[in-house]
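*Asks:* Sending over coords_26.cif (mmCIF, N, CA and C atoms).
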```
data_query
loop_
_atom_site.group_PDB
_atom_site.id
_atom_site.type_symbol
_atom_site.label_atom_id
_atom_site.label_comp_id
_atom_site.auth_asym_id
_atom_site.auth_seq_id
_atom_site.Cartn_x
_atom_site.Cartn_y
_atom_site.Cartn_z
ATOM 1 N N MET C 729 -4.800 -3.795 -11.151
ATOM 2 C CA MET C 729 -4.935 -2.486 -10.529
ATOM 3 C C MET C 729 -4.747 -1.438 -11.606
ATOM 4 N N SER C 730 -5.519 -0.423 -11.527
ATOM 5 C CA SER C 730 -5.487 0.641 -12.512
ATOM 6 C C SER C 730 -4.306 1.575 -12.268
ATOM 7 N N PRO C 731 -3.656 2.056 -13.334
ATOM 8 C CA PRO C 731 -2.481 2.921 -13.177
ATOM 9 C C PRO C 731 -2.747 4.224 -12.421
ATOM 10 N N GLU C 732 -3.984 4.695 -12.407
ATOM 11 C CA GLU C 732 -4.220 5.966 -11.712
ATOM 12 C C GLU C 732 -4.042 5.839 -10.201
ATOM 13 N N TYR C 733 -3.910 4.620 -9.690
ATOM 14 C CA TYR C 733 -3.683 4.420 -8.262
ATOM 15 C C TYR C 733 -2.240 4.050 -7.943
ATOM 16 N N CYS C 734 -1.316 4.309 -8.846
ATOM 17 C CA CYS C 734 0.085 3.934 -8.630
ATOM 18 C C CYS C 734 0.705 4.693 -7.455
ATOM 19 N N TRP C 735 0.134 5.784 -7.044
ATOM 20 C CA TRP C 735 0.644 6.581 -5.926
ATOM 21 C C TRP C 735 0.221 6.022 -4.571
ATOM 22 N N LEU C 736 -0.791 5.156 -4.533
ATOM 23 C CA LEU C 736 -1.399 4.751 -3.272
ATOM 24 C C LEU C 736 -0.474 3.891 -2.404
ATOM 25 N N ALA C 737 0.157 2.887 -2.958
ATOM 26 C CA ALA C 737 1.035 2.024 -2.163
ATOM 27 C C ALA C 737 2.215 2.808 -1.588
ATOM 28 N N PRO C 738 2.922 3.630 -2.390
ATOM 29 C CA PRO C 738 4.006 4.413 -1.793
ATOM 30 C C PRO C 738 3.521 5.356 -0.687
ATOM 31 N N LEU C 739 2.340 5.940 -0.851
ATOM 32 C CA LEU C 739 1.792 6.807 0.191
ATOM 33 C C LEU C 739 1.537 6.030 1.476
ATOM 34 N N MET C 740 0.943 4.838 1.354
ATOM 35 C CA MET C 740 0.675 4.032 2.534
ATOM 36 C C MET C 740 1.968 3.639 3.238
ATOM 37 N N LEU C 741 2.990 3.253 2.479
ATOM 38 C CA LEU C 741 4.266 2.869 3.082
ATOM 39 C C LEU C 741 4.947 4.065 3.750
ATOM 40 N N THR C 742 4.848 5.233 3.128
ATOM 41 C CA THR C 742 5.424 6.447 3.721
ATOM 42 C C THR C 742 4.722 6.783 5.031
ATOM 43 N N ARG C 743 3.399 6.701 5.036
ATOM 44 C CA ARG C 743 2.648 6.971 6.269
ATOM 45 C C ARG C 743 2.993 5.966 7.354
ATOM 46 N N LEU C 744 3.083 4.706 6.980
ATOM 47 C CA LEU C 744 3.403 3.664 7.952
ATOM 48 C C LEU C 744 4.791 3.898 8.553
ATOM 49 N N ALA C 745 5.760 4.230 7.718
ATOM 50 C CA ALA C 745 7.129 4.467 8.191
ATOM 51 C C ALA C 745 7.226 5.696 9.090
ATOM 52 N N SER C 746 6.381 6.698 8.841
ATOM 53 C CA SER C 746 6.453 7.932 9.633
ATOM 54 C C SER C 746 5.570 7.897 10.882
ATOM 55 N N GLY C 747 4.814 6.811 11.044
ATOM 56 C CA GLY C 747 3.932 6.717 12.204
ATOM 57 C C GLY C 747 2.594 7.395 12.016
ATOM 58 N N THR C 748 2.328 7.875 10.810
ATOM 59 C CA THR C 748 1.049 8.503 10.486
ATOM 60 C C THR C 748 0.044 7.397 10.156
ATOM 61 N N PRO C 749 -1.216 7.520 10.580
ATOM 62 C CA PRO C 749 -2.195 6.483 10.241
ATOM 63 C C PRO C 749 -2.289 6.258 8.728
ATOM 64 N N VAL C 750 -2.413 4.998 8.341
ATOM 65 C CA VAL C 750 -2.496 4.644 6.925
ATOM 66 C C VAL C 750 -3.830 5.082 6.340
ATOM 67 N N GLY C 751 -4.913 4.971 7.110
ATOM 68 C CA GLY C 751 -6.218 5.417 6.642
ATOM 69 C C GLY C 751 -6.250 6.933 6.524
ATOM 70 N N SER C 752 -7.248 7.448 5.824
ATOM 71 C CA SER C 752 -7.361 8.894 5.650
ATOM 72 C C SER C 752 -8.645 9.400 6.293
ATOM 73 N N ALA C 753 -8.811 10.710 6.302
ATOM 74 C CA ALA C 753 -10.001 11.318 6.912
ATOM 75 C C ALA C 753 -11.273 10.950 6.160
ATOM 76 N N SER C 754 -11.165 10.625 4.880
ATOM 77 C CA SER C 754 -12.366 10.311 4.102
ATOM 78 C C SER C 754 -12.483 8.826 3.760
ATOM 79 N N TYR C 755 -11.472 8.041 4.054
ATOM 80 C CA TYR C 755 -11.484 6.619 3.710
ATOM 81 C C TYR C 755 -10.836 5.853 4.866
ATOM 82 N N ASP C 756 -11.437 4.776 5.286
ATOM 83 C CA ASP C 756 -10.957 3.990 6.432
ATOM 84 C C ASP C 756 -10.939 4.818 7.708
ATOM 85 N N VAL C 757 -11.926 5.673 7.868
ATOM 86 C CA VAL C 757 -12.019 6.520 9.055
ATOM 87 C C VAL C 757 -12.112 5.633 10.300
ATOM 88 N N GLY C 758 -11.259 5.910 11.267
ATOM 89 C CA GLY C 758 -11.295 5.177 12.520
ATOM 90 C C GLY C 758 -10.612 3.833 12.486
ATOM 91 N N GLY C 759 -10.172 3.397 11.320
ATOM 92 C CA GLY C 759 -9.485 2.120 11.237
ATOM 93 C C GLY C 759 -8.015 2.282 11.587
ATOM 94 N N ASP C 760 -7.539 1.459 12.509
ATOM 95 C CA ASP C 760 -6.120 1.526 12.822
ATOM 96 C C ASP C 760 -5.346 0.723 11.768
ATOM 97 N N ASP C 761 -4.031 0.851 11.783
ATOM 98 C CA ASP C 761 -3.205 0.202 10.769
ATOM 99 C C ASP C 761 -3.416 -1.310 10.730
ATOM 100 N N ALA C 762 -3.581 -1.923 11.892
ATOM 101 C CA ALA C 762 -3.776 -3.373 11.949
ATOM 102 C C ALA C 762 -5.069 -3.802 11.267
ATOM 103 N N THR C 763 -6.036 -2.911 11.187
ATOM 104 C CA THR C 763 -7.304 -3.189 10.516
ATOM 105 C C THR C 763 -7.226 -2.865 9.032
ATOM 106 N N VAL C 764 -6.600 -1.759 8.698
ATOM 107 C CA VAL C 764 -6.561 -1.266 7.319
ATOM 108 C C VAL C 764 -5.623 -2.090 6.437
ATOM 109 N N LEU C 765 -4.424 -2.383 6.914
ATOM 110 C CA LEU C 765 -3.407 -3.023 6.075
ATOM 111 C C LEU C 765 -3.817 -4.391 5.521
ATOM 112 N N PRO C 766 -4.457 -5.288 6.281
ATOM 113 C CA PRO C 766 -4.860 -6.564 5.688
ATOM 114 C C PRO C 766 -5.823 -6.414 4.506
ATOM 115 N N ARG C 767 -6.643 -5.380 4.539
ATOM 116 C CA ARG C 767 -7.581 -5.154 3.422
ATOM 117 C C ARG C 767 -6.853 -4.670 2.175
ATOM 118 N N ARG C 768 -5.651 -4.159 2.346
ATOM 119 C CA ARG C 768 -4.906 -3.595 1.222
ATOM 120 C C ARG C 768 -3.757 -4.490 0.765
ATOM 121 N N ILE C 769 -3.705 -5.717 1.247
ATOM 122 C CA ILE C 769 -2.598 -6.612 0.911
ATOM 123 C C ILE C 769 -2.512 -6.869 -0.598
ATOM 124 N N GLY C 770 -3.637 -6.886 -1.273
ATOM 125 C CA GLY C 770 -3.634 -7.089 -2.729
ATOM 126 C C GLY C 770 -2.877 -5.991 -3.456
ATOM 127 N N LEU C 771 -3.005 -4.779 -2.982
ATOM 128 C CA LEU C 771 -2.296 -3.646 -3.569
ATOM 129 C C LEU C 771 -0.789 -3.845 -3.459
ATOM 130 N N PHE C 772 -0.331 -4.280 -2.288
ATOM 131 C CA PHE C 772 1.099 -4.515 -2.105
ATOM 132 C C PHE C 772 1.576 -5.683 -2.963
ATOM 133 N N GLY C 773 0.720 -6.683 -3.144
ATOM 134 C CA GLY C 773 1.060 -7.803 -4.028
ATOM 135 C C GLY C 773 1.282 -7.346 -5.455
ATOM 136 N N HIS C 774 0.435 -6.438 -5.932
ATOM 137 C CA HIS C 774 0.619 -5.874 -7.278
ATOM 138 C C HIS C 774 1.936 -5.112 -7.380
ATOM 139 N N LEU C 775 2.260 -4.348 -6.359
ATOM 140 C CA LEU C 775 3.494 -3.583 -6.353
ATOM 141 C C LEU C 775 4.713 -4.506 -6.437
ATOM 142 N N VAL C 776 4.704 -5.586 -5.669
ATOM 143 C CA VAL C 776 5.803 -6.556 -5.711
ATOM 144 C C VAL C 776 5.879 -7.200 -7.089
ATOM 145 N N SER C 777 4.742 -7.559 -7.652
ATOM 146 C CA SER C 777 4.713 -8.175 -8.981
ATOM 147 C C SER C 777 5.298 -7.246 -10.041
ATOM 148 N N TRP C 778 4.899 -5.984 -10.009
ATOM 149 C CA TRP C 778 5.437 -5.023 -10.975
ATOM 150 C C TRP C 778 6.939 -4.858 -10.794
ATOM 151 N N SER C 779 7.384 -4.819 -9.539
ATOM 152 C CA SER C 779 8.814 -4.674 -9.268
ATOM 153 C C SER C 779 9.586 -5.870 -9.792
ATOM 154 N N GLU C 780 9.047 -7.057 -9.601
ATOM 155 C CA GLU C 780 9.714 -8.267 -10.097
ATOM 156 C C GLU C 780 9.775 -8.286 -11.623
ATOM 157 N N GLN C 781 8.760 -7.757 -12.263
ATOM 158 C CA GLN C 781 8.777 -7.689 -13.733
ATOM 159 C C GLN C 781 9.891 -6.777 -14.227
ATOM 160 N N ILE C 782 10.164 -5.741 -13.477
ATOM 161 C CA ILE C 782 11.200 -4.777 -13.878
ATOM 162 C C ILE C 782 12.579 -5.208 -13.421
ATOM 163 N N LEU C 783 12.686 -5.633 -12.170
ATOM 164 C CA LEU C 783 13.987 -5.908 -11.558
ATOM 165 C C LEU C 783 14.364 -7.387 -11.554
ATOM 166 N N GLY C 784 13.405 -8.268 -11.794
ATOM 167 C CA GLY C 784 13.650 -9.695 -11.690
ATOM 168 C C GLY C 784 13.162 -10.214 -10.351
ATOM 169 N N PRO C 785 13.050 -11.530 -10.212
ATOM 170 C CA PRO C 785 12.543 -12.107 -8.958
ATOM 171 C C PRO C 785 13.476 -11.849 -7.785
ATOM 172 N N ARG C 786 12.870 -11.875 -6.595
ATOM 173 C CA ARG C 786 13.658 -11.693 -5.359
ATOM 174 C C ARG C 786 14.546 -12.907 -5.144
ATOM 175 N N ALA C 787 15.678 -12.668 -4.532
ATOM 176 C CA ALA C 787 16.640 -13.756 -4.262
ATOM 177 C C ALA C 787 16.222 -14.554 -3.055
#
```
As structure tokens, please, write out the structure in this file.

*Replies:*
Amino acid sequence: MSPEYCWLAPLMLTRLASGTPVGSASYDVGGDDATVLPRRIGLFGHLVSWSEQILGPRA
């Protein structure tokens, strides 16, 4: 994943936690969270991988 998208995963998690749709008006229009999130699982995998590189593996 390219570094210019490092803001995307935190934004999606913030929207999900606040009850705001994860999709945006210009991307994933009409897709509910249950539809959008599976397509973005790779992004979350990268985030976990980067975190493990910095913090160490999960217990």

*Asks:* If DSSP is run on the backbone, what residues of chain C are helix (DSSP H, G or I)? A reply as an mmCIF file with N, CA and C atoms, in the coordinates of the input would be ideal.

*Replies:*
```
data_model
loop_
_atom_site.group_PDB
_atom_site.id
_atom_site.type_symbol
_atom_site.label_atom_id
_atom_site.label_comp_id
_atom_site.auth_asym_id
_atom_site.auth_seq_id
_atom_site.Cartn_x
_atom_site.Cartn_y
_atom_site.Cartn_z
ATOM 1 N N PRO C 731 -3.656 2.056 -13.334
ATOM 2 C CA PRO C 731 -2.481 2.921 -13.177
ATOM 3 C C PRO C 731 -2.747 4.224 -12.421
ATOM 4 N N GLU C 732 -3.984 4.695 -12.407
ATOM 5 C CA GLU C 732 -4.220 5.966 -11.712
ATOM 6 C C GLU C 732 -4.042 5.839 -10.201
ATOM 7 N N TYR C 733 -3.910 4.620 -9.690
ATOM 8 C CA TYR C 733 -3.683 4.420 -8.262
ATOM 9 C C TYR C 733 -2.240 4.050 -7.943
ATOM 10 N N LEU C 736 -0.791 5.156 -4.533
ATOM 11 C CA LEU C 736 -1.399 4.751 -3.272
ATOM 12 C C LEU C 736 -0.474 3.891 -2.404
ATOM 13 N N ALA C 737 0.157 2.887 -2.958
ATOM 14 C CA ALA C 737 1.035 2.024 -2.163
ATOM 15 C C ALA C 737 2.215 2.808 -1.588
ATOM 16 N N PRO C 738 2.922 3.630 -2.390
ATOM 17 C CA PRO C 738 4.006 4.413 -1.793
ATOM 18 C C PRO C 738 3.521 5.356 -0.687
ATOM 19 N N LEU C 739 2.340 5.940 -0.851
ATOM 20 C CA LEU C 739 1.792 6.807 0.191
ATOM 21 C C LEU C 739 1.537 6.030 1.476
ATOM 22 N N MET C 740 0.943 4.838 1.354
ATOM 23 C CA MET C 740 0.675 4.032 2.534
ATOM 24 C C MET C 740 1.968 3.639 3.238
ATOM 25 N N LEU C 741 2.990 3.253 2.479
ATOM 26 C CA LEU C 741 4.266 2.869 3.082
ATOM 27 C C LEU C 741 4.947 4.065 3.750
ATOM 28 N N THR C 742 4.848 5.233 3.128
ATOM 29 C CA THR C 742 5.424 6.447 3.721
ATOM 30 C C THR C 742 4.722 6.783 5.031
ATOM 31 N N ARG C 743 3.399 6.701 5.036
ATOM 32 C CA ARG C 743 2.648 6.971 6.269
ATOM 33 C C ARG C 743 2.993 5.966 7.354
ATOM 34 N N LEU C 744 3.083 4.706 6.980
ATOM 35 C CA LEU C 744 3.403 3.664 7.952
ATOM 36 C C LEU C 744 4.791 3.898 8.553
ATOM 37 N N ALA C 745 5.760 4.230 7.718
ATOM 38 C CA ALA C 745 7.129 4.467 8.191
ATOM 39 C C ALA C 745 7.226 5.696 9.090
ATOM 40 N N SER C 746 6.381 6.698 8.841
ATOM 41 C CA SER C 746 6.453 7.932 9.633
ATOM 42 C C SER C 746 5.570 7.897 10.882
ATOM 43 N N ASP C 761 -4.031 0.851 11.783
ATOM 44 C CA ASP C 761 -3.205 0.202 10.769
ATOM 45 C C ASP C 761 -3.416 -1.310 10.730
ATOM 46 N N ALA C 762 -3.581 -1.923 11.892
ATOM 47 C CA ALA C 762 -3.776 -3.373 11.949
ATOM 48 C C ALA C 762 -5.069 -3.802 11.267
ATOM 49 N N THR C 763 -6.036 -2.911 11.187
ATOM 50 C CA THR C 763 -7.304 -3.189 10.516
ATOM 51 C C THR C 763 -7.226 -2.865 9.032
ATOM 52 N N VAL C 764 -6.600 -1.759 8.698
ATOM 53 C CA VAL C 764 -6.561 -1.266 7.319
ATOM 54 C C VAL C 764 -5.623 -2.090 6.437
ATOM 55 N N LEU C 765 -4.424 -2.383 6.914
ATOM 56 C CA LEU C 765 -3.407 -3.023 6.075
ATOM 57 C C LEU C 765 -3.817 -4.391 5.521
ATOM 58 N N PRO C 766 -4.457 -5.288 6.281
ATOM 59 C CA PRO C 766 -4.860 -6.564 5.688
ATOM 60 C C PRO C 766 -5.823 -6.414 4.506
ATOM 61 N N ARG C 767 -6.643 -5.380 4.539
ATOM 62 C CA ARG C 767 -7.581 -5.154 3.422
ATOM 63 C C ARG C 767 -6.853 -4.670 2.175
ATOM 64 N N ILE C 769 -3.705 -5.717 1.247
ATOM 65 C CA ILE C 769 -2.598 -6.612 0.911
ATOM 66 C C ILE C 769 -2.512 -6.869 -0.598
ATOM 67 N N GLY C 770 -3.637 -6.886 -1.273
ATOM 68 C CA GLY C 770 -3.634 -7.089 -2.729
ATOM 69 C C GLY C 770 -2.877 -5.991 -3.456
ATOM 70 N N LEU C 771 -3.005 -4.779 -2.982
ATOM 71 C CA LEU C 771 -2.296 -3.646 -3.569
ATOM 72 C C LEU C 771 -0.789 -3.845 -3.459
ATOM 73 N N PHE C 772 -0.331 -4.280 -2.288
ATOM 74 C CA PHE C 772 1.099 -4.515 -2.105
ATOM 75 C C PHE C 772 1.576 -5.683 -2.963
ATOM 76 N N GLY C 773 0.720 -6.683 -3.144
ATOM 77 C CA GLY C 773 1.060 -7.803 -4.028
ATOM 78 C C GLY C 773 1.282 -7.346 -5.455
ATOM 79 N N HIS C 774 0.435 -6.438 -5.932
ATOM 80 C CA HIS C 774 0.619 -5.874 -7.278
ATOM 81 C C HIS C 774 1.936 -5.112 -7.380
ATOM 82 N N LEU C 775 2.260 -4.348 -6.359
ATOM 83 C CA LEU C 775 3.494 -3.583 -6.353
ATOM 84 C C LEU C 775 4.713 -4.506 -6.437
ATOM 85 N N VAL C 776 4.704 -5.586 -5.669
ATOM 86 C CA VAL C 776 5.803 -6.556 -5.711
ATOM 87 C C VAL C 776 5.879 -7.200 -7.089
ATOM 88 N N SER C 777 4.742 -7.559 -7.652
ATOM 89 C CA SER C 777 4.713 -8.175 -8.981
ATOM 90 C C SER C 777 5.298 -7.246 -10.041
ATOM 91 N N TRP C 778 4.899 -5.984 -10.009
ATOM 92 C CA TRP C 778 5.437 -5.023 -10.975
ATOM 93 C C TRP C 778 6.939 -4.858 -10.794
ATOM 94 N N SER C 779 7.384 -4.819 -9.539
ATOM 95 C CA SER C 779 8.814 -4.674 -9.268
ATOM 96 C C SER C 779 9.586 -5.870 -9.792
ATOM 97 N N GLU C 780 9.047 -7.057 -9.601
ATOM 98 C CA GLU C 780 9.714 -8.267 -10.097
ATOM 99 C C GLU C 780 9.775 -8.286 -11.623
ATOM 100 N N GLN C 781 8.760 -7.757 -12.263
ATOM 101 C CA GLN C 781 8.777 -7.689 -13.733
ATOM 102 C C GLN C 781 9.891 -6.777 -14.227
ATOM 103 N N ILE C 782 10.164 -5.741 -13.477
ATOM 104 C CA ILE C 782 11.200 -4.777 -13.878
ATOM 105 C C ILE C 782 12.579 -5.208 -13.421
ATOM 106 N N LEU C 783 12.686 -5.633 -12.170
ATOM 107 C CA LEU C 783 13.987 -5.908 -11.558
ATOM 108 C C LEU C 783 14.364 -7.387 -11.554
#
```

*Asks:* Quick check, in Å to one decimal: how far apart do atom N of Cys734 (chain C) and atom C of Arg786 (chain C) lie?

*Replies:*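 Interatomic distance, atom N of Cys734 (chain C) to atom C of Arg786 (chain C): 23.7 Å.
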
*Asks:* Tell me which protein, DNA and RNA residues are within 6.5 Å of region 759-768 of chain C, counting only N, CA and C atoms, leaving out same-chain ones fewer than 5 positions away, and put them as a JSON list (two decimals) with N, CA and C atoms, in the coordinates of the input.

*Replies:*
```json
[["chain", "number", "residue", "atom", "x", "y", "z"],
["C", 749, "PRO", "N", -1.22, 7.52, 10.58],
["C", 749, "PRO", "CA", -2.19, 6.48, 10.24],
["C", 749, "PRO", "C", -2.29, 6.26, 8.73],
["C", 750, "VAL", "N", -2.41, 5.00, 8.34],
["C", 750, "VAL", "CA", -2.50, 4.64, 6.92],
["C", 750, "VAL", "C", -3.83, 5.08, 6.34],
["C", 751, "GLY", "N", -4.91, 4.97, 7.11],
["C", 751, "GLY", "CA", -6.22, 5.42, 6.64],
["C", 751, "GLY", "C", -6.25, 6.93, 6.52],
["C", 773, "GLY", "N", 0.72, -6.68, -3.14],
["C", 773, "GLY", "CA", 1.06, -7.80, -4.03],
["C", 773, "GLY", "C", 1.28, -7.35, -5.46]]
```

*Asks:* Can you tell me, as lines of an AutoDock Vina configuration file, the centre and edge lengths (Å, one decimal) of the axis-aligned box enclosing all of region 765-778 of chain C's listed atoms after padding each side by 6 Å?

*Replies:*
```
center_x = -0.3
center_y = -5.3
center_z = -2.0
size_x = 26.5
size_y = 17.8
size_z = 29.9
```
